[in-house]
file upload-v3.cif (mmCIF, C-alpha atoms)
data_work
loop_
_atom_site.label_atom_id
_atom_site.label_comp_id
_atom_site.auth_asym_id
_atom_site.auth_seq_id
_atom_site.Cartn_x
_atom_site.Cartn_y
_atom_site.Cartn_z
CA MET A 1 -88.44 46.41 105.71
CA THR A 2 -84.72 47.01 105.89
CA PHE A 3 -82.74 48.06 108.95
CA ARG A 4 -79.51 49.97 109.11
CA THR A 5 -76.64 48.02 110.60
CA ALA A 6 -74.79 49.09 113.71
CA ALA A 7 -71.81 51.39 113.26
CA PRO A 8 -68.59 49.51 112.44
CA VAL A 9 -66.78 48.57 115.63
CA PRO A 10 -63.25 50.05 115.83
CA PRO A 11 -60.67 47.35 116.46
CA LEU A 12 -60.55 46.77 120.21
CA ILE A 13 -58.26 43.95 121.26
CA LEU A 14 -56.62 42.47 124.32
CA ASP A 15 -53.57 44.72 123.92
CA ASP A 16 -55.83 47.78 124.31
CA VAL A 17 -57.09 46.45 127.63
CA ARG A 18 -53.57 45.59 128.77
CA GLY A 19 -52.43 49.08 127.83
CA ALA A 20 -55.31 50.54 129.84
CA ARG A 21 -54.25 48.48 132.83
CA LYS A 22 -50.73 49.92 132.74
CA MET A 23 -52.24 53.40 132.55
CA LEU A 24 -54.42 52.67 135.60
CA SER A 25 -51.56 51.37 137.74
CA GLY A 26 -51.63 53.30 141.01
CA VAL A 27 -54.96 54.92 140.08
CA ALA A 28 -57.64 52.21 140.14
CA ARG A 29 -57.73 49.59 142.87
CA THR A 30 -57.53 45.89 142.18
CA THR A 31 -60.82 45.22 143.90
CA ALA A 32 -61.44 42.23 146.12
CA MET A 33 -63.11 39.01 145.07
CA GLU A 34 -65.17 37.43 147.84
CA GLY A 35 -66.76 34.00 147.96
CA SER A 36 -70.48 33.68 148.72
CA ARG A 37 -71.47 30.55 150.60
CA HIS A 38 -75.18 31.29 150.22
CA LEU A 39 -75.03 31.71 146.44
CA THR A 40 -72.65 28.77 146.16
CA ALA A 41 -75.25 26.57 147.87
CA LEU A 42 -77.99 27.83 145.55
CA VAL A 43 -76.02 27.42 142.32
CA GLY A 44 -74.36 24.17 143.36
CA ALA A 45 -70.94 25.47 142.35
CA PRO A 46 -68.53 28.13 143.67
CA VAL A 47 -69.80 31.71 143.32
CA HIS A 48 -67.49 34.70 143.79
CA LEU A 49 -68.35 38.40 143.98
CA LYS A 50 -66.06 40.86 142.15
CA CYS A 51 -66.41 43.90 144.39
CA GLU A 52 -66.25 46.96 142.14
CA ASN A 53 -68.53 48.62 144.68
CA LEU A 54 -65.29 49.02 146.67
CA GLN A 55 -63.51 50.79 143.80
CA ARG A 56 -62.51 54.44 144.20
CA THR A 57 -65.65 56.61 143.70
CA GLY A 58 -67.73 53.50 144.47
CA SER A 59 -67.91 51.98 140.98
CA PHE A 60 -65.94 50.74 137.98
CA LYS A 61 -66.50 54.03 136.11
CA LEU A 62 -63.18 55.53 137.22
CA ARG A 63 -61.33 52.96 135.09
CA GLY A 64 -62.76 54.04 131.75
CA ALA A 65 -62.94 57.74 132.55
CA TYR A 66 -59.27 57.90 133.51
CA VAL A 67 -58.09 56.04 130.40
CA ARG A 68 -60.21 58.27 128.16
CA ILE A 69 -59.03 61.56 129.70
CA ALA A 70 -55.41 60.44 129.99
CA GLY A 71 -55.45 59.80 126.24
CA LEU A 72 -56.39 63.38 125.34
CA SER A 73 -53.87 65.63 123.62
CA PRO A 74 -52.43 68.65 125.50
CA VAL A 75 -54.71 70.94 123.50
CA GLU A 76 -57.78 68.86 124.38
CA ARG A 77 -56.82 68.76 128.04
CA ALA A 78 -56.45 72.52 128.09
CA ALA A 79 -60.03 72.85 126.80
CA GLY A 80 -61.35 70.77 129.70
CA VAL A 81 -63.87 67.92 129.69
CA VAL A 82 -67.62 67.71 130.14
CA ALA A 83 -69.87 64.79 131.03
CA ALA A 84 -73.51 64.05 131.78
CA SER A 85 -74.49 61.56 134.44
CA ALA A 86 -76.87 60.88 137.31
CA GLY A 87 -74.07 59.59 139.50
CA ASN A 88 -71.36 57.00 138.90
CA HIS A 89 -69.92 58.30 135.62
CA ALA A 90 -70.04 61.82 137.06
CA GLN A 91 -67.87 60.82 139.99
CA GLY A 92 -65.49 58.83 137.81
CA VAL A 93 -64.94 61.76 135.43
CA ALA A 94 -64.56 64.21 138.32
CA LEU A 95 -61.87 62.20 140.11
CA ALA A 96 -60.03 61.22 136.91
CA SER A 97 -59.93 64.87 135.81
CA SER A 98 -58.62 66.00 139.19
CA LEU A 99 -55.89 63.37 139.16
CA LEU A 100 -54.82 64.46 135.67
CA GLY A 101 -55.11 68.21 136.32
CA VAL A 102 -57.92 68.70 133.81
CA ARG A 103 -60.87 71.04 134.38
CA SER A 104 -64.18 69.15 134.42
CA THR A 105 -67.81 70.19 134.17
CA VAL A 106 -70.48 67.62 134.94
CA PHE A 107 -74.17 68.05 134.10
CA MET A 108 -76.52 66.16 136.39
CA PRO A 109 -80.34 65.94 136.41
CA VAL A 110 -82.15 68.31 138.75
CA GLY A 111 -83.42 65.37 140.81
CA ALA A 112 -80.04 63.63 141.16
CA PRO A 113 -79.50 62.25 144.70
CA LEU A 114 -77.81 64.87 146.88
CA PRO A 115 -75.02 62.52 148.09
CA LYS A 116 -73.97 61.89 144.46
CA VAL A 117 -74.03 65.60 143.64
CA ALA A 118 -71.96 66.39 146.72
CA ALA A 119 -69.45 63.62 145.97
CA THR A 120 -69.00 64.82 142.38
CA ARG A 121 -68.26 68.34 143.62
CA ASP A 122 -65.89 66.99 146.26
CA TYR A 123 -63.92 65.18 143.57
CA GLY A 124 -63.31 68.55 141.92
CA ALA A 125 -65.90 68.95 139.17
CA GLU A 126 -68.10 71.95 138.53
CA VAL A 127 -71.62 70.53 138.76
CA ARG A 128 -74.48 72.00 136.74
CA LEU A 129 -77.99 70.74 137.42
CA HIS A 130 -80.05 70.65 134.25
CA GLY A 131 -83.07 68.69 133.02
CA GLN A 132 -85.43 66.27 134.68
CA VAL A 133 -84.16 63.16 132.86
CA VAL A 134 -80.72 62.06 131.73
CA ASP A 135 -81.53 62.63 128.04
CA GLU A 136 -82.09 66.32 128.73
CA THR A 137 -78.93 66.45 130.81
CA LEU A 138 -76.97 64.76 128.04
CA ALA A 139 -78.20 67.26 125.45
CA ALA A 140 -77.13 70.14 127.70
CA ALA A 141 -73.64 68.66 128.14
CA GLN A 142 -73.22 68.15 124.41
CA GLU A 143 -74.33 71.73 123.73
CA TYR A 144 -71.80 72.95 126.30
CA ALA A 145 -69.09 70.96 124.50
CA ARG A 146 -69.99 72.60 121.17
CA GLU A 147 -70.01 76.09 122.67
CA THR A 148 -66.80 75.83 124.71
CA GLY A 149 -64.67 73.25 122.93
CA ALA A 150 -64.61 71.01 126.00
CA VAL A 151 -64.21 67.31 125.20
CA PHE A 152 -67.37 65.32 125.83
CA ILE A 153 -66.63 62.15 127.82
CA HIS A 154 -69.23 59.56 126.88
CA PRO A 155 -70.11 57.09 129.64
CA PHE A 156 -69.78 53.97 127.47
CA ASP A 157 -69.60 54.61 123.72
CA HIS A 158 -65.85 55.07 123.18
CA PRO A 159 -62.99 52.53 122.74
CA ASP A 160 -60.90 54.05 125.55
CA ILE A 161 -63.82 53.84 127.97
CA ILE A 162 -64.40 50.19 127.05
CA ALA A 163 -60.70 49.33 127.31
CA GLY A 164 -60.58 50.82 130.80
CA GLN A 165 -63.62 48.88 131.94
CA GLY A 166 -62.10 45.74 130.42
CA THR A 167 -59.38 45.74 133.08
CA VAL A 168 -62.01 44.23 135.38
CA GLY A 169 -61.91 41.16 133.13
CA LEU A 170 -58.15 40.79 133.48
CA GLU A 171 -58.46 40.90 137.26
CA ILE A 172 -61.21 38.28 137.21
CA LEU A 173 -59.02 35.81 135.33
CA GLU A 174 -56.13 36.39 137.73
CA GLN A 175 -58.24 36.15 140.88
CA CYS A 176 -60.36 33.20 139.73
CA PRO A 177 -58.45 31.39 136.95
CA GLU A 178 -60.88 28.45 137.06
CA VAL A 179 -63.92 30.67 136.28
CA ARG A 180 -66.48 29.23 133.87
CA THR A 181 -69.18 31.95 133.89
CA VAL A 182 -69.00 35.72 134.39
CA VAL A 183 -72.24 37.62 135.07
CA VAL A 184 -72.30 41.39 134.46
CA GLY A 185 -74.98 44.09 134.63
CA ILE A 186 -75.62 45.96 131.37
CA GLY A 187 -76.71 49.55 130.81
CA GLY A 188 -75.10 51.05 127.72
CA GLY A 189 -72.78 48.05 127.52
CA GLY A 190 -69.31 49.48 128.16
CA LEU A 191 -68.46 47.27 131.14
CA VAL A 192 -69.65 43.95 129.73
CA ALA A 193 -68.07 44.74 126.33
CA GLY A 194 -64.70 45.48 127.90
CA ILE A 195 -64.83 42.41 130.13
CA ALA A 196 -65.78 40.26 127.12
CA VAL A 197 -62.88 41.61 125.02
CA ALA A 198 -60.39 40.69 127.75
CA ILE A 199 -61.80 37.33 128.79
CA LYS A 200 -62.74 35.92 125.39
CA ALA A 201 -59.23 36.67 124.08
CA LEU A 202 -57.65 34.64 126.87
CA ARG A 203 -60.39 32.15 127.77
CA PRO A 204 -62.91 31.78 124.93
CA ASP A 205 -64.55 28.91 126.86
CA VAL A 206 -65.76 31.27 129.60
CA ARG A 207 -69.44 32.10 129.27
CA ILE A 208 -70.31 35.80 129.54
CA VAL A 209 -73.87 36.57 130.69
CA GLY A 210 -75.21 40.13 130.65
CA VAL A 211 -78.10 41.21 132.88
CA GLN A 212 -80.56 44.06 132.35
CA ALA A 213 -83.48 45.36 134.39
CA GLU A 214 -86.71 44.16 132.81
CA GLY A 215 -88.06 47.70 132.70
CA ALA A 216 -84.99 49.11 130.91
CA ALA A 217 -83.82 46.27 128.68
CA GLY A 218 -82.56 47.77 125.44
CA TYR A 219 -80.27 44.93 124.41
CA PRO A 220 -82.74 42.07 123.74
CA PRO A 221 -84.73 44.01 121.09
CA SER A 222 -81.53 45.53 119.70
CA LEU A 223 -79.86 42.14 119.30
CA ALA A 224 -83.00 40.80 117.66
CA ALA A 225 -83.07 43.74 115.24
CA GLY A 226 -79.34 43.63 114.51
CA HIS A 227 -78.74 47.25 115.51
CA PRO A 228 -79.24 49.48 118.57
CA VAL A 229 -82.90 50.21 119.23
CA ALA A 230 -84.08 53.03 121.50
CA LEU A 231 -86.69 52.18 124.12
CA ASP A 232 -89.85 54.29 124.22
CA SER A 233 -89.92 54.31 128.02
CA MET A 234 -88.05 52.90 131.00
CA ARG A 235 -89.04 52.07 134.53
CA THR A 236 -86.59 50.62 137.04
CA MET A 237 -84.99 51.40 140.39
CA ALA A 238 -81.61 50.43 138.89
CA ASP A 239 -80.59 53.86 137.64
CA GLY A 240 -77.02 52.72 137.00
CA ILE A 241 -78.21 50.51 134.11
CA LYS A 242 -81.19 52.61 133.09
CA VAL A 243 -80.06 53.36 129.53
CA GLY A 244 -82.58 53.77 126.73
CA ARG A 245 -80.32 52.81 123.81
CA PRO A 246 -77.22 50.61 123.62
CA GLY A 247 -74.03 52.31 122.53
CA ASP A 248 -72.99 51.65 118.93
CA ILE A 249 -69.50 50.43 119.84
CA PRO A 250 -70.51 48.29 122.85
CA PHE A 251 -73.39 46.83 120.83
CA GLY A 252 -71.09 45.32 118.23
CA LEU A 253 -68.87 43.79 120.91
CA VAL A 254 -71.80 42.47 122.91
CA ARG A 255 -73.32 40.96 119.76
CA ASP A 256 -70.07 39.20 118.88
CA LEU A 257 -68.66 38.24 122.29
CA VAL A 258 -71.40 38.05 124.95
CA ASP A 259 -73.10 34.66 125.11
CA GLU A 260 -76.43 35.69 126.59
CA VAL A 261 -78.39 38.69 127.87
CA ARG A 262 -81.01 38.08 130.58
CA THR A 263 -83.49 40.35 132.33
CA VAL A 264 -84.48 40.56 135.99
CA THR A 265 -87.55 41.99 137.71
CA GLU A 266 -87.73 44.75 140.30
CA ASP A 267 -88.58 42.17 142.97
CA GLU A 268 -85.48 40.18 142.03
CA LEU A 269 -83.32 43.31 142.18
CA SER A 270 -84.68 44.17 145.63
CA SER A 271 -84.09 40.65 146.92
CA ALA A 272 -80.56 40.67 145.51
CA LEU A 273 -79.70 43.98 147.15
CA LEU A 274 -81.01 42.67 150.46
CA LEU A 275 -79.01 39.46 150.11
CA CYS A 276 -75.81 41.40 149.38
CA LEU A 277 -76.34 43.43 152.52
CA GLU A 278 -77.39 40.61 154.83
CA ARG A 279 -75.25 37.71 153.62
CA ALA A 280 -72.22 39.34 151.94
CA LYS A 281 -72.12 42.48 154.12
CA MET A 282 -71.87 44.54 150.91
CA VAL A 283 -73.60 47.87 150.26
CA VAL A 284 -74.53 47.58 146.59
CA GLU A 285 -76.78 49.75 144.43
CA PRO A 286 -79.61 48.03 142.51
CA ALA A 287 -77.64 48.07 139.22
CA GLY A 288 -74.66 46.51 140.98
CA ALA A 289 -76.87 43.76 142.40
CA SER A 290 -78.33 42.79 139.00
CA PRO A 291 -75.93 39.83 138.48
CA VAL A 292 -76.91 38.47 141.90
CA ALA A 293 -80.57 38.91 140.93
CA ALA A 294 -79.95 36.76 137.86
CA LEU A 295 -78.34 34.07 140.01
CA LEU A 296 -81.29 34.11 142.40
CA SER A 297 -83.85 33.89 139.58
CA ALA A 298 -82.40 30.77 137.93
CA PRO A 299 -79.49 29.38 139.99
CA GLU A 300 -79.51 26.01 138.27
CA SER A 301 -78.75 27.54 134.87
CA PHE A 302 -75.23 28.79 135.68
CA ARG A 303 -72.12 26.66 135.25
CA GLY A 304 -69.56 27.27 137.96
CA PRO A 305 -67.30 28.59 139.17
CA VAL A 306 -69.27 31.80 138.66
CA VAL A 307 -68.05 35.38 139.11
CA ALA A 308 -70.76 38.02 139.60
CA VAL A 309 -69.56 41.60 139.16
CA LEU A 310 -70.91 43.99 141.80
CA SER A 311 -70.44 47.05 139.62
CA GLY A 312 -71.28 49.83 142.06
CA GLY A 313 -72.24 50.79 145.60
CA ASN A 314 -73.39 54.40 145.25
CA VAL A 315 -76.93 54.11 146.51
CA ASP A 316 -78.91 57.02 147.91
CA PRO A 317 -79.87 56.31 151.56
CA LEU A 318 -83.54 57.10 150.90
CA LEU A 319 -83.61 54.72 147.93
CA MET A 320 -81.81 52.13 150.04
CA GLN A 321 -84.53 52.38 152.67
CA ARG A 322 -87.28 51.90 150.07
CA VAL A 323 -85.46 49.11 148.28
CA LEU A 324 -84.73 47.21 151.47
CA THR A 325 -88.38 47.43 152.48
CA HIS A 326 -89.40 46.26 149.01
CA GLY A 327 -86.81 43.49 149.12
CA MET A 328 -88.01 42.26 152.49
CA ALA A 329 -91.59 42.21 151.23
CA ALA A 330 -90.56 40.38 148.05
CA GLY A 331 -88.67 37.86 150.16
CA GLY A 332 -91.70 37.15 152.35
CA ARG A 333 -90.32 39.01 155.35
CA TYR A 334 -93.49 41.11 155.74
CA LEU A 335 -97.03 39.78 155.89
CA SER A 336 -100.28 41.78 155.90
CA LEU A 337 -103.47 39.99 156.96
CA ARG A 338 -107.12 41.01 157.39
CA LEU A 339 -109.19 39.13 159.94
CA ARG A 340 -112.73 39.40 161.30
CA LEU A 341 -113.14 39.26 165.06
CA THR A 342 -116.01 39.45 167.46
CA ASP A 343 -116.03 43.02 168.78
CA ARG A 344 -115.60 42.28 172.50
CA PRO A 345 -112.99 43.08 175.17
CA GLY A 346 -109.94 40.83 175.01
CA ALA A 347 -110.42 39.75 171.39
CA LEU A 348 -107.42 41.71 170.13
CA ALA A 349 -105.26 40.51 173.02
CA ALA A 350 -106.12 36.89 172.14
CA LEU A 351 -105.19 37.52 168.51
CA LEU A 352 -101.86 39.05 169.48
CA SER A 353 -101.17 36.09 171.77
CA THR A 354 -101.74 33.68 168.87
CA LEU A 355 -99.38 35.70 166.68
CA SER A 356 -96.76 35.70 169.44
CA LEU A 357 -96.94 31.92 169.70
CA ALA A 358 -96.38 31.77 165.93
CA ASP A 359 -93.20 33.91 166.32
CA ALA A 360 -94.60 36.75 164.20
CA ASN A 361 -93.55 40.28 165.17
CA VAL A 362 -96.47 42.75 165.00
CA LEU A 363 -95.53 46.02 163.30
CA ASP A 364 -98.94 47.66 162.98
CA VAL A 365 -102.60 47.05 163.82
CA SER A 366 -105.66 48.87 162.44
CA HIS A 367 -109.41 48.45 163.05
CA VAL A 368 -112.42 48.88 160.76
CA ARG A 369 -115.86 48.99 162.36
CA THR A 370 -117.89 50.92 159.79
CA ASP A 371 -117.76 48.64 156.73
CA PRO A 372 -121.37 47.73 155.78
CA ARG A 373 -120.21 44.19 155.03
CA LEU A 374 -119.46 43.66 158.73
CA GLY A 375 -121.95 42.07 161.07
CA LEU A 376 -123.35 43.96 164.03
CA THR A 377 -120.84 42.45 166.46
CA GLU A 378 -117.89 42.14 164.05
CA VAL A 379 -114.76 44.19 163.62
CA GLU A 380 -112.18 43.86 160.86
CA VAL A 381 -108.54 43.98 161.95
CA GLU A 382 -105.58 44.42 159.63
CA VAL A 383 -102.22 43.39 161.03
CA ARG A 384 -98.82 43.96 159.43
CA LEU A 385 -96.23 41.45 160.57
CA GLU A 386 -92.52 40.88 160.30
CA THR A 387 -91.84 37.24 159.50
CA GLN A 388 -88.92 34.92 158.75
CA GLY A 389 -89.71 34.19 155.12
CA ARG A 390 -92.36 32.73 152.84
CA GLU A 391 -92.64 29.41 154.68
CA HIS A 392 -93.12 31.25 157.96
CA CYS A 393 -95.85 33.39 156.34
CA ALA A 394 -97.76 30.23 155.45
CA GLU A 395 -97.23 28.86 158.98
CA VAL A 396 -98.59 32.07 160.57
CA ALA A 397 -101.70 32.04 158.37
CA ALA A 398 -102.26 28.35 159.15
CA ALA A 399 -101.88 28.98 162.90
CA LEU A 400 -104.52 31.70 162.77
CA ARG A 401 -106.99 29.50 160.89
CA SER A 402 -106.29 26.65 163.29
CA ALA A 403 -107.14 28.96 166.18
CA GLY A 404 -110.50 29.69 164.56
CA TYR A 405 -109.78 33.07 163.00
CA ARG A 406 -111.33 34.03 159.69
CA VAL A 407 -108.49 35.25 157.46
CA MET A 408 -109.79 37.40 154.61
CA ASP A 409 -108.42 37.14 151.05
#

call {"tool": "encode", "arguments": {"input": "upload-v3.cif", "output": "structure tokens"}}
result
Amino acid sequence: MTFRTAAPVPPLILDDVRGARKMLSGVARTTAMEGSRHLTALVGAPVHLKCENLQRTGSFKLRGAYVRIAGLSPVERAAGVVAASAGNHAQGVALASSLLGVRSTVFMPVGAPLPKVAATRDYGAEVRLHGQVVDETLAAAQEYARETGAVFIHPFDHPDIIAGQGTVGLEILEQCPEVRTVVVGIGGGGLVAGIAVAIKALRPDVRIVGVQAEGAAGYPPSLAAGHPVALDSMRTMADGIKVGRPGDIPFGLVRDLVDEVRTVTEDELSSALLLCLERAKMVVEPAGASPVAALLSAPESFRGPVVAVLSGGNVDPLLMQRVLTHGMAAGGRYLSLRLRLTDRPGALAALLSTLSLADANVLDVSHVRTDPRLGLTEVEVEVRLETQGREHCAEVAAALRSAGYRVMD
């Protein structure tokens, strides 16, 4: 069986990234780089966080969108631009267009989070809600471009987009010149490709590690096949890197310049988001936390100093609530137990006293008296507890058994 090769990669070199940086002067922020003592202790070497979640519009996407739109001819600008996105790219295109005086239309899925829709409108774009998934939204945007002559602004598959994102790499080398490893989340591949172009040209010894959500990992099979491969399905909370097929241009650059692509689980993403909030005081979306998830999953495998790119902070509050709950559960901060008690006055009070002595905070208690497996004088109690971590969970369960309680599996 023969496979087609990926599309030839247009020449994209360090000078393109440097040119993009000049274009972005006064537009994109040079975002902060913060040290993380907790991750440094885990990895055994300095770990720094490149905070693109603090970029204008809340993600790195403004960089590429501005460079792409600024490079349009007067005729193209007059026709306006169109994009399709569930959030970050939409906001980047909207703000870049407003800054350049270009009319923008952004197609977003019907179920896009309301804060992202509102922000995109506030940045000046006309928002059209279409389709249930991004593929349908993308098709609608491309049809609009054909009908109106508007220029379609791809989120990652264009040299100007990649050059703009690559300015993050230049900043990393300036802010942490001793860096040995850079860890970057991957969706379509524009950000990691741009960073790799910049860093490998100046510091070929720096290791570039890309990270994908396990449920939306298009790069591992694509790299194995030698060309972009579309996934049949995707399932991840990290919508910012939920891309079914790598871009042709980023793919070639990732293949040639990125040293490794890893995947992380949903539990690891949740734990990483929680760590960013609790330890780094950073609001980061699941996609933006993916490099931290990779560090948490195998800290000993990274050579430091390490820079982890927090690529975005545009997280819907409802998703944040669910993810934080999930992250706390994954981190052992919640514990649910079923116990059998003698159904007599004071039995529940005694149980709660034991839990109090074990420093477990009771969140919820429920009783079952009608299960046929229960004895005549038995009652089953389910308690949901807030704990201090996995070791504390084991200590609480041991304390209950020591006190004579029957803890059910």

call {"tool": "resolve_selection", "arguments": {"input": "upload-v3.cif", "expression": "the PyMOL selection byres ((chain A and resi 315-327) around 9)", "output": "count of residues only"}}
result
29

call {"tool": "resolve_selection", "arguments": {"input": "upload-v3.cif", "expression": "the PyMOL selection byres ((chain A and resi 298-301) around 6)", "output": "ChimeraX atom specification"}}
result
/A:42-43,295-297,302

call {"tool": "resolve_selection", "arguments": {"input": "upload-v3.cif", "expression": "the PyMOL selection byres ((chain A and resi 152) around 10)", "output": "list in words"}}
result
Ile69, Gly80, Val81, Val82, Ala83, Ala84, Ser104, Thr105, Val106, Leu138, Ala141, Gln142, Glu143, Tyr144, Ala145, Arg146, Gly149, Ala150, Val151, Ile153, His154 and Pro155 of chain A

call {"tool": "closest_residue", "arguments": {"input": "upload-v3.cif", "among": "A:Gly164, A:Gly404, A:Pro46, A:Gly210", "to": "Glu34 (chain A)", "atoms": "only C-alpha atoms"}}
result
A:Pro46

call {"tool": "closest_residue", "arguments": {"input": "upload-v3.cif", "among": "A:Pro204, A:Ala308, A:Ala230, A:Ala213", "to": "Val264 (chain A)", "atoms": "all atoms listed in the file"}}
result
A:Ala213

call {"tool": "closest_residue", "arguments": {"input": "upload-v3.cif", "among": "A:Ala193, A:Ala65, A:Leu337, A:Val102", "to": "Ala90 (chain A)", "atoms": "only C-alpha atoms"}}
result
A:Ala65

call {"tool": "closest_residue", "arguments": {"input": "upload-v3.cif", "among": "A:Ala119, A:Leu310, A:Val229, A:Ala347", "to": "Met33 (chain A)", "atoms": "all atoms listed in the file"}}
result
A:Leu310

call {"tool": "atom_distance", "arguments": {"input": "upload-v3.cif", "atom1": "CA of Val117 (chain A)", "atom2": "CA of Ala280 (chain A)"}}
result
27.6 Å

call {"tool": "closest_residue", "arguments": {"input": "upload-v3.cif", "among": "A:Leu231, A:Val47, A:Val110, A:Val254", "to": "Val292 (chain A)", "atoms": "all atoms listed in the file"}}
result
A:Val47

call {"tool": "atom_distance", "arguments": {"input": "upload-v3.cif", "atom1": "CA of His158 (chain A)", "atom2": "CA of Ser97 (chain A)"}}
result
17.0 Å

call {"tool": "residues_around", "arguments": {"input": "upload-v3.cif", "residues": "Pro220 (chain A)", "least_positions_apart": "5", "cutoff": "10 Å", "atoms": "only C-alpha atoms", "output": "tab-separated table (two decimals) with C-alpha atoms, keeping the file's coordinate frame"}}
result
chain	number	residue	atom	x	y	z
A	212	GLN	CA	-80.56	44.06	132.35
A	225	ALA	CA	-83.07	43.74	115.24
A	226	GLY	CA	-79.34	43.63	114.51
A	228	PRO	CA	-79.24	49.48	118.57
A	229	VAL	CA	-82.90	50.21	119.23
A	260	GLU	CA	-76.43	35.69	126.59
A	261	VAL	CA	-78.39	38.69	127.87
A	262	ARG	CA	-81.01	38.08	130.58
A	263	THR	CA	-83.49	40.35	132.33

call {"tool": "residues_around", "arguments": {"input": "upload-v3.cif", "residues": "region 122-132 of chain A", "least_positions_apart": "2", "cutoff": "9 Å", "atoms": "all atoms listed in the file", "output": "PyMOL selection string"}}
result
chain A and resi 57+90-98+103-112+117-120+134-138+140

call {"tool": "closest_residue", "arguments": {"input": "upload-v3.cif", "among": "A:Val184, A:Ala139, A:Val206, A:Val192", "to": "Ala287 (chain A)", "atoms": "all atoms listed in the file"}}
result
A:Val184

call {"tool": "atom_distance", "arguments": {"input": "upload-v3.cif", "atom1": "CA of Pro250 (chain A)", "atom2": "CA of Leu14 (chain A)"}}
result
15.1 Å

call {"tool": "residues_around", "arguments": {"input": "upload-v3.cif", "residues": "region 341-345 of chain A", "least_positions_apart": "4", "cutoff": "8 Å", "atoms": "all atoms listed in the file", "output": "list in words"}}
result
Thr377, Glu378, Val379, Glu380, Val381, Tyr405 and Arg406 of chain A

call {"tool": "decode", "arguments": {"input": "upload-v3.cif", "residues": "region 312-359 of chain A", "atoms": "C-alpha atoms", "output": "compact mmCIF listing (two decimals), in the first residue's frame"}}
result
# COMPACT_ATOMS: atom_id res chain seq x y z
CA GLY A 312 -4.39 30.05 26.57
CA GLY A 313 -6.66 31.02 29.44
CA ASN A 314 -10.08 31.30 27.78
CA VAL A 315 -12.01 28.74 29.77
CA ASP A 316 -15.79 28.77 30.13
CA PRO A 317 -16.73 29.13 33.83
CA LEU A 318 -19.06 26.12 33.68
CA LEU A 319 -16.32 23.97 32.16
CA MET A 320 -13.89 25.32 34.75
CA GLN A 321 -16.24 24.19 37.51
CA ARG A 322 -16.51 20.68 36.04
CA VAL A 323 -12.80 20.41 35.32
CA LEU A 324 -11.80 21.55 38.79
CA THR A 325 -14.13 19.00 40.35
CA HIS A 326 -12.71 16.33 38.05
CA GLY A 327 -9.17 17.46 38.82
CA MET A 328 -9.74 17.33 42.55
CA ALA A 329 -11.17 13.82 42.23
CA ALA A 330 -8.26 12.71 40.04
CA GLY A 331 -5.84 14.16 42.60
CA GLY A 332 -7.43 12.23 45.46
CA ARG A 333 -9.10 15.28 46.97
CA TYR A 334 -12.53 13.60 47.06
CA LEU A 335 -13.30 10.20 48.52
CA SER A 336 -16.58 8.27 48.35
CA LEU A 337 -17.06 5.34 50.73
CA ARG A 338 -19.87 2.86 51.44
CA LEU A 339 -20.13 1.42 54.93
CA ARG A 340 -22.54 -0.88 56.75
CA LEU A 341 -23.70 0.22 60.18
CA THR A 342 -26.00 -1.16 62.80
CA ASP A 343 -29.29 0.72 62.39
CA ARG A 344 -29.53 2.27 65.86
CA PRO A 345 -29.62 5.81 67.29
CA GLY A 346 -26.18 7.43 67.49
CA ALA A 347 -24.52 5.17 64.91
CA LEU A 348 -24.22 7.93 62.31
CA ALA A 349 -22.97 10.41 64.91
CA ALA A 350 -20.22 7.96 65.91
CA LEU A 351 -19.22 7.54 62.27
CA LEU A 352 -19.04 11.28 61.73
CA SER A 353 -16.95 11.63 64.89
CA THR A 354 -14.45 9.08 63.54
CA LEU A 355 -14.26 10.96 60.24
CA SER A 356 -13.71 14.23 62.09
CA LEU A 357 -10.81 12.73 64.02
CA ALA A 358 -9.33 11.65 60.67
CA ASP A 359 -9.56 15.28 59.40
